[in-house]
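File shown: query14.tsv. Contents: TSV, C-alpha atoms.
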```tsv
chain	number	residue	atom	x	y	z
A	1	MET	CA	-15.73	-8.02	-21.10
A	2	SER	CA	-15.72	-11.80	-20.97
A	3	ASN	CA	-17.01	-13.68	-17.94
A	4	GLU	CA	-13.40	-14.34	-16.94
A	5	LEU	CA	-11.43	-11.14	-16.36
A	6	ARG	CA	-8.32	-11.11	-18.54
A	7	ILE	CA	-5.48	-9.40	-16.70
A	8	ALA	CA	-2.10	-8.06	-17.79
A	9	VAL	CA	0.51	-8.05	-15.03
A	10	LEU	CA	3.22	-5.47	-15.68
A	11	GLY	CA	6.38	-6.13	-13.72
A	12	VAL	CA	6.99	-9.68	-12.54
A	13	GLY	CA	9.55	-9.16	-9.82
A	14	MET	CA	8.75	-10.40	-6.31
A	15	MET	CA	5.42	-8.58	-5.97
A	16	GLY	CA	4.25	-8.99	-9.56
A	17	ALA	CA	5.14	-12.68	-9.67
A	18	ASP	CA	3.25	-13.18	-6.41
A	19	HIS	CA	0.18	-11.55	-7.96
A	20	VAL	CA	0.51	-13.82	-11.00
A	21	ARG	CA	0.55	-16.83	-8.68
A	22	ARG	CA	-2.38	-15.44	-6.70
A	23	ILE	CA	-4.57	-14.73	-9.72
A	24	THR	CA	-3.74	-18.11	-11.27
A	25	ASN	CA	-4.19	-20.28	-8.18
A	26	THR	CA	-6.40	-18.42	-5.69
A	27	ILE	CA	-8.58	-15.74	-7.28
A	28	ALA	CA	-11.94	-16.65	-8.81
A	29	GLY	CA	-13.21	-15.12	-12.05
A	30	ALA	CA	-9.90	-13.97	-13.51
A	31	ARG	CA	-6.81	-15.21	-15.30
A	32	VAL	CA	-3.43	-13.79	-16.28
A	33	ALA	CA	-3.45	-13.32	-20.06
A	34	ILE	CA	-0.30	-11.20	-20.48
A	35	VAL	CA	2.87	-10.66	-18.45
A	36	ASN	CA	5.46	-7.97	-19.07
A	37	ASP	CA	8.83	-7.13	-17.57
A	38	TYR	CA	11.90	-5.19	-18.65
A	39	LEU	CA	13.70	-8.51	-18.19
A	40	VAL	CA	12.09	-10.08	-21.24
A	41	ASP	CA	13.43	-13.58	-20.65
A	42	LYS	CA	11.98	-13.59	-17.14
A	43	ALA	CA	8.52	-12.65	-18.45
A	44	GLU	CA	8.68	-15.28	-21.19
A	45	GLU	CA	9.70	-18.02	-18.74
A	46	LEU	CA	6.81	-17.13	-16.44
A	47	ALA	CA	4.29	-16.93	-19.29
A	48	ALA	CA	5.27	-20.42	-20.39
A	49	THR	CA	4.08	-21.81	-17.05
A	50	ILE	CA	0.56	-20.32	-17.29
A	51	PRO	CA	-2.03	-21.73	-19.74
A	52	GLY	CA	-3.21	-19.13	-22.23
A	53	CYS	CA	-0.67	-16.52	-21.14
A	54	ARG	CA	1.84	-14.73	-23.32
A	55	ALA	CA	4.68	-12.28	-22.75
A	56	VAL	CA	4.53	-8.83	-24.33
A	57	VAL	CA	7.72	-6.79	-24.53
A	58	ASP	CA	6.27	-3.25	-24.48
A	59	PRO	CA	4.14	-2.40	-21.41
A	60	PHE	CA	2.08	0.08	-23.41
A	61	ASP	CA	1.26	-2.59	-25.98
A	62	ALA	CA	0.12	-4.80	-23.11
A	63	ILE	CA	-2.16	-2.05	-21.76
A	64	ALA	CA	-3.65	-1.36	-25.20
A	65	ASP	CA	-4.11	-5.02	-26.13
A	66	PRO	CA	-7.79	-5.67	-26.98
A	67	ASP	CA	-7.61	-9.06	-25.24
A	68	ILE	CA	-6.93	-7.34	-21.89
A	69	ASP	CA	-9.71	-6.19	-19.57
A	70	ALA	CA	-7.65	-4.91	-16.61
A	71	VAL	CA	-4.07	-4.31	-15.50
A	72	VAL	CA	-2.01	-5.05	-12.38
A	73	LEU	CA	0.83	-2.55	-12.17
A	74	ALA	CA	3.84	-3.88	-10.23
A	75	THR	CA	6.54	-2.01	-12.15
A	76	PRO	CA	9.05	0.39	-10.52
A	77	GLY	CA	7.49	3.59	-9.17
A	78	PRO	CA	9.13	5.98	-11.69
A	79	THR	CA	7.26	4.24	-14.54
A	80	HIS	CA	3.81	4.50	-12.95
A	81	GLU	CA	2.72	7.93	-14.16
A	82	LYS	CA	2.88	7.16	-17.90
A	83	GLN	CA	1.53	3.65	-17.46
A	84	LEU	CA	-1.41	4.86	-15.36
A	85	LEU	CA	-2.23	7.57	-17.88
A	86	ALA	CA	-2.16	4.91	-20.63
A	87	CYS	CA	-4.60	2.79	-18.60
A	88	LEU	CA	-6.91	5.81	-18.35
A	89	GLU	CA	-6.55	6.52	-22.08
A	90	HIS	CA	-7.66	2.97	-22.89
A	91	GLU	CA	-10.18	2.94	-20.00
A	92	LYS	CA	-8.57	-0.14	-18.45
A	93	PRO	CA	-9.14	-0.62	-14.70
A	94	VAL	CA	-5.81	-0.90	-12.92
A	95	MET	CA	-4.55	-2.18	-9.57
A	96	CYS	CA	-1.44	-0.10	-8.93
A	97	GLU	CA	1.04	-1.17	-6.27
A	98	LYS	CA	2.24	1.78	-4.22
A	99	PRO	CA	3.42	4.38	-4.88
A	100	LEU	CA	0.80	5.89	-7.16
A	101	THR	CA	3.70	7.89	-8.60
A	102	THR	CA	7.01	9.01	-7.12
A	103	ASP	CA	6.18	12.69	-6.54
A	104	VAL	CA	3.26	14.87	-5.51
A	105	GLU	CA	2.85	16.75	-8.79
A	106	THR	CA	2.50	13.67	-11.00
A	107	SER	CA	0.21	11.98	-8.45
A	108	LEU	CA	-2.08	14.99	-8.58
A	109	ALA	CA	-1.98	14.93	-12.40
A	110	VAL	CA	-3.16	11.30	-12.34
A	111	VAL	CA	-5.99	12.19	-9.93
A	112	GLU	CA	-7.09	15.01	-12.22
A	113	ALA	CA	-6.92	12.83	-15.34
A	114	GLU	CA	-9.07	10.13	-13.76
A	115	ALA	CA	-11.58	12.69	-12.47
A	116	ALA	CA	-11.86	14.21	-15.95
A	117	LEU	CA	-12.65	10.77	-17.34
A	118	GLY	CA	-15.56	10.38	-14.94
A	119	LYS	CA	-14.73	6.78	-14.00
A	120	LYS	CA	-12.99	5.32	-10.95
A	121	LEU	CA	-10.44	3.08	-12.64
A	122	ILE	CA	-7.39	3.27	-10.36
A	123	GLN	CA	-7.04	1.28	-7.14
A	124	VAL	CA	-3.87	1.62	-5.08
A	125	GLY	CA	-2.37	-1.40	-3.32
A	126	PHE	CA	-2.55	-0.40	0.34
A	127	MET	CA	-3.28	-3.97	1.37
A	128	ARG	CA	-3.56	-3.38	5.11
A	129	ARG	CA	-7.09	-2.10	4.60
A	130	PHE	CA	-8.02	-5.69	3.65
A	131	ASP	CA	-6.41	-7.33	6.68
A	132	ALA	CA	-8.96	-8.85	9.07
A	133	GLU	CA	-7.47	-7.15	12.15
A	134	TYR	CA	-7.43	-3.70	10.55
A	135	GLU	CA	-10.99	-4.19	9.31
A	136	GLN	CA	-12.11	-5.18	12.81
A	137	LEU	CA	-10.41	-2.15	14.35
A	138	LYS	CA	-11.96	0.14	11.72
A	139	GLN	CA	-15.44	-1.26	12.45
A	140	MET	CA	-14.90	-0.76	16.18
A	141	LEU	CA	-13.90	2.88	15.68
A	142	ASP	CA	-16.76	3.61	13.26
A	143	ALA	CA	-19.22	2.10	15.75
A	144	GLY	CA	-17.94	4.43	18.48
A	145	GLU	CA	-16.96	1.60	20.81
A	146	LEU	CA	-13.86	3.51	21.99
A	147	GLY	CA	-15.57	6.88	21.93
A	148	ARG	CA	-13.63	9.57	20.12
A	149	PRO	CA	-10.13	8.38	19.08
A	150	LEU	CA	-7.48	10.61	20.62
A	151	VAL	CA	-4.07	9.03	20.09
A	152	MET	CA	-2.66	6.28	17.88
A	153	HIS	CA	0.63	4.44	18.41
A	154	CYS	CA	2.21	2.37	15.63
A	155	ALA	CA	5.31	0.23	15.20
A	156	HIS	CA	6.65	-0.95	11.84
A	157	ARG	CA	9.71	-3.19	12.03
A	158	ASN	CA	11.51	-5.20	9.34
A	159	PRO	CA	14.34	-7.65	9.95
A	160	THR	CA	16.31	-6.26	7.00
A	161	VAL	CA	16.06	-4.15	3.85
A	162	PRO	CA	17.86	-4.29	0.49
A	163	PRO	CA	21.29	-2.59	0.24
A	164	ARG	CA	19.88	0.21	-1.95
A	165	PHE	CA	17.51	1.35	0.83
A	166	ASP	CA	18.28	4.88	2.03
A	167	SER	CA	16.88	7.03	4.83
A	168	ALA	CA	14.29	8.76	2.62
A	169	MET	CA	13.01	5.38	1.44
A	170	ILE	CA	12.13	4.52	5.04
A	171	VAL	CA	9.61	7.35	4.78
A	172	LYS	CA	8.44	6.71	1.21
A	173	ASP	CA	8.42	2.89	1.16
A	174	SER	CA	7.80	1.86	4.78
A	175	LEU	CA	6.16	4.73	6.69
A	176	VAL	CA	3.77	5.24	3.76
A	177	HIS	CA	1.74	2.27	5.03
A	178	GLU	CA	1.17	3.98	8.39
A	179	VAL	CA	0.22	7.14	6.51
A	180	ASP	CA	-2.57	5.24	4.78
A	181	VAL	CA	-3.53	3.35	7.95
A	182	THR	CA	-3.93	6.65	9.78
A	183	ARG	CA	-6.18	8.09	7.08
A	184	PHE	CA	-8.15	4.83	6.85
A	185	LEU	CA	-8.74	4.31	10.57
A	186	LEU	CA	-9.27	7.92	11.62
A	187	GLY	CA	-11.07	9.09	8.47
A	188	GLU	CA	-9.27	12.40	8.09
A	189	GLU	CA	-6.25	13.89	6.41
A	190	ILE	CA	-2.81	14.30	7.98
A	191	THR	CA	-1.91	17.99	8.17
A	192	SER	CA	1.68	17.88	9.44
A	193	ILE	CA	4.54	15.47	10.04
A	194	GLN	CA	7.80	15.51	11.95
A	195	ILE	CA	10.56	12.92	11.69
A	196	VAL	CA	12.61	12.45	14.86
A	197	LYS	CA	16.01	10.81	14.45
A	198	PRO	CA	17.09	8.67	17.42
A	199	ALA	CA	20.62	7.28	17.61
A	200	ALA	CA	21.02	4.95	14.65
A	201	SER	CA	21.22	1.24	15.32
A	202	PRO	CA	24.82	-0.02	15.18
A	203	SER	CA	23.59	-2.88	12.99
A	204	ALA	CA	21.89	-0.58	10.46
A	205	PRO	CA	23.60	-0.29	7.05
A	206	GLU	CA	26.13	2.52	6.94
A	207	GLY	CA	24.49	5.91	6.37
A	208	LEU	CA	20.96	4.67	7.08
A	209	GLN	CA	19.02	6.67	9.69
A	210	ASP	CA	17.31	3.73	11.33
A	211	PRO	CA	15.15	3.77	13.40
A	212	GLN	CA	13.01	6.83	12.78
A	213	ILE	CA	10.08	8.21	14.77
A	214	ALA	CA	7.28	9.93	12.85
A	215	LEU	CA	4.77	12.26	14.49
A	216	PHE	CA	1.54	13.03	12.61
A	217	ALA	CA	-1.12	15.60	13.39
A	218	THR	CA	-4.54	15.23	11.76
A	219	GLU	CA	-7.17	17.77	10.77
A	220	SER	CA	-8.99	17.56	14.11
A	221	GLY	CA	-5.81	17.53	16.19
A	222	LYS	CA	-5.37	13.80	16.77
A	223	HIS	CA	-1.82	12.63	17.53
A	224	VAL	CA	-0.18	9.63	15.85
A	225	ASP	CA	3.33	8.39	16.55
A	226	VAL	CA	5.09	5.73	14.53
A	227	GLU	CA	8.32	3.88	15.21
A	228	VAL	CA	9.85	2.67	11.93
A	229	PHE	CA	12.83	0.34	12.33
A	230	VAL	CA	13.73	-1.56	9.17
A	231	SER	CA	16.93	-3.38	10.16
A	232	THR	CA	16.06	-5.02	13.49
A	233	GLY	CA	17.54	-8.36	12.48
A	234	VAL	CA	14.70	-9.99	14.42
A	235	ALA	CA	11.37	-10.37	12.60
A	236	TYR	CA	8.56	-8.54	10.83
A	237	GLU	CA	6.37	-6.64	13.29
A	238	VAL	CA	3.46	-4.32	12.56
A	239	ARG	CA	1.37	-3.05	15.48
A	240	THR	CA	-1.29	-0.39	15.82
A	241	GLU	CA	-2.93	0.83	19.02
A	242	VAL	CA	-5.77	3.35	19.14
A	243	VAL	CA	-6.50	5.12	22.42
A	244	GLY	CA	-9.96	6.63	22.71
A	245	GLU	CA	-11.97	8.39	25.38
A	246	PHE	CA	-13.55	5.09	26.52
A	247	GLY	CA	-10.63	2.69	26.16
A	248	SER	CA	-8.02	1.35	23.76
A	249	ALA	CA	-7.50	-1.45	21.25
A	250	MET	CA	-4.36	-2.96	19.74
A	251	ILE	CA	-3.74	-5.20	16.74
A	252	GLY	CA	-0.68	-7.00	15.41
A	253	LEU	CA	0.41	-8.77	18.56
A	254	ASP	CA	1.06	-12.21	16.97
A	255	VAL	CA	-0.73	-13.87	19.87
A	256	GLY	CA	-1.79	-17.05	18.15
A	257	LEU	CA	0.57	-18.81	20.58
A	258	VAL	CA	1.91	-17.34	23.81
A	259	ARG	CA	4.40	-19.52	25.66
A	260	LYS	CA	5.24	-19.32	29.36
A	261	SER	CA	8.11	-21.34	30.77
A	262	ALA	CA	10.59	-21.41	33.62
A	263	PRO	CA	12.46	-19.51	34.78
A	264	GLY	CA	9.86	-16.77	34.39
A	265	THR	CA	9.98	-16.37	30.62
A	266	TRP	CA	7.16	-16.14	28.14
A	267	GLY	CA	6.83	-15.60	24.42
A	268	GLY	CA	5.49	-16.75	21.10
A	269	THR	CA	6.45	-16.92	17.44
A	270	SER	CA	7.18	-13.74	15.46
A	271	THR	CA	6.13	-13.30	11.84
A	272	PRO	CA	9.18	-13.69	9.56
A	273	SER	CA	8.04	-11.33	6.76
A	274	PHE	CA	5.20	-9.33	5.26
A	275	VAL	CA	4.30	-12.32	3.07
A	276	GLU	CA	3.13	-14.34	6.06
A	277	ARG	CA	1.62	-11.37	7.94
A	278	PHE	CA	-0.41	-9.93	5.06
A	279	GLY	CA	-0.68	-12.80	2.57
A	280	ARG	CA	-4.39	-13.25	3.23
A	281	ALA	CA	-4.95	-9.49	2.96
A	282	TYR	CA	-3.43	-9.54	-0.55
A	283	ASP	CA	-5.78	-12.37	-1.52
A	284	VAL	CA	-8.83	-10.45	-0.28
A	285	GLU	CA	-7.63	-7.23	-1.91
A	286	ILE	CA	-7.22	-8.77	-5.38
A	287	GLN	CA	-10.45	-10.78	-5.20
A	288	ARG	CA	-12.47	-7.70	-4.24
A	289	TRP	CA	-10.78	-5.69	-7.00
A	290	VAL	CA	-11.59	-8.37	-9.59
A	291	ASP	CA	-15.21	-8.45	-8.44
A	292	ALA	CA	-15.42	-4.64	-8.57
A	293	VAL	CA	-13.98	-4.49	-12.09
A	294	LYS	CA	-16.44	-7.10	-13.32
A	295	GLY	CA	-19.34	-5.19	-11.80
A	296	GLY	CA	-18.22	-1.66	-12.58
A	297	ALA	CA	-19.82	-1.04	-15.97
A	298	GLU	CA	-23.12	0.16	-14.50
A	299	SER	CA	-21.72	2.41	-11.76
A	300	GLY	CA	-18.52	3.65	-13.41
A	301	VAL	CA	-16.65	2.58	-10.26
A	302	TYR	CA	-14.17	-0.21	-10.96
A	303	ILE	CA	-12.45	-0.23	-7.56
A	304	ASP	CA	-13.21	-1.51	-4.08
A	305	GLY	CA	-10.62	0.10	-1.86
A	306	PRO	CA	-8.15	2.99	-1.82
A	307	GLY	CA	-8.13	5.03	-5.01
A	308	ALA	CA	-6.02	7.62	-6.80
A	309	TRP	CA	-6.81	10.32	-4.21
A	310	ASP	CA	-5.46	8.07	-1.45
A	311	GLY	CA	-2.26	7.57	-3.44
A	312	TYR	CA	-1.92	11.33	-3.90
A	313	ALA	CA	-2.55	12.03	-0.19
A	314	ALA	CA	0.09	9.47	0.80
A	315	ALA	CA	2.59	11.03	-1.62
A	316	ALA	CA	1.95	14.50	-0.16
A	317	VAL	CA	2.50	13.34	3.43
A	318	CYS	CA	5.65	11.41	2.52
A	319	ALA	CA	7.06	14.40	0.62
A	320	ALA	CA	6.60	16.50	3.75
A	321	GLY	CA	8.16	13.67	5.76
A	322	VAL	CA	11.31	13.69	3.62
A	323	LYS	CA	11.62	17.45	4.16
A	324	SER	CA	11.29	16.91	7.90
A	325	LEU	CA	13.87	14.12	7.80
A	326	GLU	CA	16.31	16.64	6.34
A	327	SER	CA	15.44	19.58	8.62
A	328	GLY	CA	14.26	17.94	11.83
A	329	GLU	CA	11.35	20.39	11.94
A	330	ARG	CA	7.61	19.76	11.80
A	331	VAL	CA	6.47	20.27	8.20
A	332	SER	CA	2.94	21.08	7.02
A	333	VAL	CA	1.47	18.79	4.38
A	334	ASP	CA	0.80	20.69	1.15
A	335	MET	CA	-2.32	19.28	-0.52
A	336	VAL	CA	-5.10	20.68	-2.67
A	337	GLN	CA	-8.63	20.44	-1.32
A	338	ARG	CA	-10.36	17.34	-2.60
A	339	SER	CA	-13.47	19.37	-3.31
A	340	SER	CA	-11.48	21.42	-5.83
A	341	ILE	CA	-11.38	18.36	-8.17
A	342	PRO	CA	-14.95	17.27	-8.96
A	343	GLY	CA	-15.08	13.49	-9.07
A	344	ALA	CA	-11.78	12.94	-7.26
```
The structure in this file should be written as structure tokens.
Amino acid sequence: MSNELRIAVLGVGMMGADHVRRITNTIAGARVAIVNDYLVDKAEELAATIPGCRAVVDPFDAIADPDIDAVVLATPGPTHEKQLLACLEHEKPVMCEKPLTTDVETSLAVVEAEAALGKKLIQVGFMRRFDAEYEQLKQMLDAGELGRPLVMHCAHRNPTVPPRFDSAMIVKDSLVHEVDVTRFLLGEEITSIQIVKPAASPSAPEGLQDPQIALFATESGKHVDVEVFVSTGVAYEVRTEVVGEFGSAMIGLDVGLVRKSAPGTWGGTSTPSFVERFGRAYDVEIQRWVDAVKGGAESGVYIDGPGAWDGYAAAAVCAAGVKSLESGERVSVDMVQRSSIPGA
């Protein structure tokens, strides 16, 4: 591996193109050497703007290319399984945007394949773990400053979603972040989930069950509730409050500026989108991943953050959530024991 990490970015839609920009302009110790997209012209146009970068038509050729040290996977979810397995076959570290794969069975197969290899090569892009507020809350909980956590309340609101968004995607594409946040902050698996369906917003796209309320139970009996509302028409809002035996703490309040004015009103500025709210977290995530890849040869661990198991766990919870969305009942999460896969 050269001193400068040579990265292939597969998929250069909104997220992939943002990672190309980030690696080129912000990240130290790495450069984009190959881009790939099923829209070939789009990849070629982007490659032409980056010194030393070229477009490769076949994603598997990009993964196997000897001039590539690591891969950023920002392709559609249904393509992830085969592309991740190819990364493992060629022993290329990979940053995979969520989902790991689109179903529980293939996610587990990826976990097992990586474990059999004996190297931690797959990192999953749950970027909230790299946000300063989430890191501060995690440190507070680990230090016992709130005592034992008992209850967690979350809100996840988007101003709008694409027309193709359906009710199940609210669980799989939006709620999935709170699934990972719960596991990250509380340090235990989610054992059951129930999706409650309030009256749908009149402004929600036709047929979309929005908002939704998710109720999680964890291994030790902790309660987590999440409001997911993806068509508010207002702003991007992500809040998390943990209530413990000695007090509570909340993040995501957008309190950089709070305004009070007559007659008796107060307020501030809401975050317009996830780009502004978590842009810095993405920068930290990719920089730490690059550093981990460059230092991983000795330890066999090429990640610094959530791995394949975390992607599998999220897939299992979301699959149970989709079943609950359909039935209205609480559904148990069906997962294998991590200890049953040595090295997972």
Segment 191-203 of chain A surroundings by all atoms listed in the file, 9 Å radius, close-in-sequence under 3 positions cut, as a ChimeraX atom specification: /A:171,206,208-219,221,229,231-233,317-318,320-335
Coordinates-based distance that separates atom CA of Ala315 of chain A from atom CA of Arg157 of chain A (Å, one decimal):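 Distance between the two atoms: 21.0 Å.
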Near-segment 158-161 of chain A list (8 Å; all atoms listed in the file; drop same-chain fewer than 2 positions) as a PyMOL selection string: chain A and resi 156+163+165+229-237+272-273
Tell me which protein, DNA and RNA residues are within 9 Å of Leu141 of chain A, counting only C-alpha atoms, leaving out same-chain ones fewer than 6 positions away, and put them as an mmCIF file with C-alpha atoms, in the frame of the given file.
```
data_model
loop_
_atom_site.group_PDB
_atom_site.id
_atom_site.type_symbol
_atom_site.label_atom_id
_atom_site.label_comp_id
_atom_site.auth_asym_id
_atom_site.auth_seq_id
_atom_site.Cartn_x
_atom_site.Cartn_y
_atom_site.Cartn_z
ATOM 1 C CA GLY A 147 -15.570 6.880 21.930
ATOM 2 C CA ARG A 148 -13.630 9.570 20.120
ATOM 3 C CA PRO A 149 -10.130 8.380 19.080
ATOM 4 C CA LEU A 185 -8.740 4.310 10.570
ATOM 5 C CA LEU A 186 -9.270 7.920 11.620
ATOM 6 C CA VAL A 242 -5.770 3.350 19.140
ATOM 7 C CA GLY A 244 -9.960 6.630 22.710
#
```
Atom CA of Gln123 of chain A to atom CA of Pro306 of chain A, straight-line distance in Å: 5.7 Å
Using all atoms listed in the file, what table do you get, as CSV, when you list each residue of segment 187-264 of chain A with an atom no more than 9 Å from segment 126-135 of chain A, its nearest pair of atoms, and their distance in Å rounded to one decimal, rows by chain then rising number?
```
residue,atom,partner,partner_atom,distance
A:Thr240,CA,A:Tyr134,CA,8.7
A:Ile251,CA,A:Glu133,CA,6.2
A:Gly252,CA,A:Glu133,CA,7.5
```
Could you produce a table of the residues of segment 42-118 of chain A lying within 12 Å of segment 20-31 of chain A, with the nearest pair of atoms per residue and their separation in Å rounded to one decimal, using all atoms listed in the file, ordered by chain and increasing residue number, as CSV?
```
residue,atom,partner,partner_atom,distance
A:Ala43,CA,A:Val20,CA,11.0
A:Leu46,CA,A:Val20,CA,9.0
A:Ala47,CA,A:Val20,CA,9.6
A:Thr49,CA,A:Arg21,CA,10.4
A:Ile50,CA,A:Thr24,CA,7.7
A:Pro51,CA,A:Arg31,CA,9.2
A:Gly52,CA,A:Arg31,CA,8.7
A:Cys53,CA,A:Arg31,CA,8.6
A:Arg54,CA,A:Arg31,CA,11.8
A:Asp67,CA,A:Arg31,CA,11.7
A:Ile68,CA,A:Arg31,CA,10.3
A:Asp69,CA,A:Ala30,CA,9.9
A:Ala70,CA,A:Ala30,CA,9.8
A:Val71,CA,A:Arg31,CA,11.2
A:Val72,CA,A:Val20,CA,9.2
A:Leu73,CA,A:Val20,CA,11.3
A:Ala74,CA,A:Val20,CA,10.5
```
Separation of atom CA of His223 of chain A from atom CA of Asp142 of chain A in Å: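 Here the two named atoms are 18.0 Å from each other.
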Expected residue set, 10 Å radius at (-1.3, 4.8, 1.0), only C-alpha atoms, as a ChimeraX atom specification: /A:97-100,124-129,172-173,175-184,306-315,317-318
Who sits within 8 Å of segment 109-117 of chain A, all atoms listed in the file, same chain under 6 positions skipped, as a ChimeraX atom specification: /A:81,84-85,88,308-309,312,341-344
Could you give me segment 218-235 of chain A completed to N, CA, C and O atoms, formatted as an mmCIF file, in the coordinates of the input?
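Heads up, here's the output in out-v4.cif:
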```cif
data_model
loop_
_atom_site.group_PDB
_atom_site.id
_atom_site.type_symbol
_atom_site.label_atom_id
_atom_site.label_comp_id
_atom_site.auth_asym_id
_atom_site.auth_seq_id
_atom_site.Cartn_x
_atom_site.Cartn_y
_atom_site.Cartn_z
ATOM 1 N N THR A 218 -3.438 15.310 12.721
ATOM 2 C CA THR A 218 -4.540 15.230 11.760
ATOM 3 C C THR A 218 -5.367 16.508 11.805
ATOM 4 O O THR A 218 -5.156 17.394 12.632
ATOM 5 N N GLU A 219 -6.341 16.569 10.905
ATOM 6 C CA GLU A 219 -7.170 17.770 10.770
ATOM 7 C C GLU A 219 -7.822 18.185 12.085
ATOM 8 O O GLU A 219 -7.925 19.379 12.384
ATOM 9 N N SER A 220 -8.285 17.228 12.863
ATOM 10 C CA SER A 220 -8.990 17.560 14.110
ATOM 11 C C SER A 220 -8.061 17.561 15.323
ATOM 12 O O SER A 220 -8.536 17.672 16.456
ATOM 13 N N GLY A 221 -6.756 17.432 15.092
ATOM 14 C CA GLY A 221 -5.810 17.530 16.190
ATOM 15 C C GLY A 221 -5.431 16.214 16.836
ATOM 16 O O GLY A 221 -4.809 16.200 17.903
ATOM 17 N N LYS A 222 -5.773 15.090 16.222
ATOM 18 C CA LYS A 222 -5.370 13.800 16.770
ATOM 19 C C LYS A 222 -3.860 13.599 16.589
ATOM 20 O O LYS A 222 -3.269 14.061 15.612
ATOM 21 N N HIS A 223 -3.265 12.888 17.547
ATOM 22 C CA HIS A 223 -1.820 12.630 17.530
ATOM 23 C C HIS A 223 -1.555 11.179 17.152
ATOM 24 O O HIS A 223 -2.195 10.266 17.687
ATOM 25 N N VAL A 224 -0.609 10.973 16.254
ATOM 26 C CA VAL A 224 -0.180 9.630 15.850
ATOM 27 C C VAL A 224 1.336 9.587 15.906
ATOM 28 O O VAL A 224 2.006 10.473 15.361
ATOM 29 N N ASP A 225 1.878 8.578 16.578
ATOM 30 C CA ASP A 225 3.330 8.390 16.550
ATOM 31 C C ASP A 225 3.643 7.013 15.986
ATOM 32 O O ASP A 225 2.927 6.044 16.236
ATOM 33 N N VAL A 226 4.713 6.955 15.229
ATOM 34 C CA VAL A 226 5.090 5.730 14.530
ATOM 35 C C VAL A 226 6.587 5.490 14.712
ATOM 36 O O VAL A 226 7.408 6.355 14.411
ATOM 37 N N GLU A 227 6.930 4.323 15.207
ATOM 38 C CA GLU A 227 8.320 3.880 15.210
ATOM 39 C C GLU A 227 8.529 3.037 13.952
ATOM 40 O O GLU A 227 7.824 2.047 13.739
ATOM 41 N N VAL A 228 9.480 3.442 13.112
ATOM 42 C CA VAL A 228 9.850 2.670 11.930
ATOM 43 C C VAL A 228 11.294 2.228 12.099
ATOM 44 O O VAL A 228 12.193 3.053 12.238
ATOM 45 N N PHE A 229 11.499 0.916 12.088
ATOM 46 C CA PHE A 229 12.830 0.340 12.330
ATOM 47 C C PHE A 229 12.964 -0.820 11.343
ATOM 48 O O PHE A 229 12.350 -1.866 11.513
ATOM 49 N N VAL A 230 13.752 -0.611 10.290
ATOM 50 C CA VAL A 230 13.730 -1.560 9.170
ATOM 51 C C VAL A 230 14.923 -2.506 9.133
ATOM 52 O O VAL A 230 15.052 -3.287 8.197
ATOM 53 N N SER A 231 15.778 -2.457 10.145
ATOM 54 C CA SER A 231 16.930 -3.380 10.160
ATOM 55 C C SER A 231 17.101 -3.967 11.560
ATOM 56 O O SER A 231 18.208 -4.015 12.099
ATOM 57 N N THR A 232 16.015 -4.469 12.130
ATOM 58 C CA THR A 232 16.060 -5.020 13.490
ATOM 59 C C THR A 232 16.859 -6.310 13.566
ATOM 60 O O THR A 232 17.384 -6.653 14.617
ATOM 61 N N GLY A 233 16.901 -7.060 12.458
ATOM 62 C CA GLY A 233 17.540 -8.360 12.480
ATOM 63 C C GLY A 233 16.739 -9.411 13.216
ATOM 64 O O GLY A 233 17.222 -10.526 13.422
ATOM 65 N N VAL A 234 15.488 -9.080 13.586
ATOM 66 C CA VAL A 234 14.700 -9.990 14.420
ATOM 67 C C VAL A 234 13.559 -10.626 13.633
ATOM 68 O O VAL A 234 13.570 -11.821 13.365
ATOM 69 N N ALA A 235 12.561 -9.834 13.258
ATOM 70 C CA ALA A 235 11.370 -10.370 12.600
ATOM 71 C C ALA A 235 10.586 -9.219 12.010
ATOM 72 O O ALA A 235 10.994 -8.056 12.093
#
```
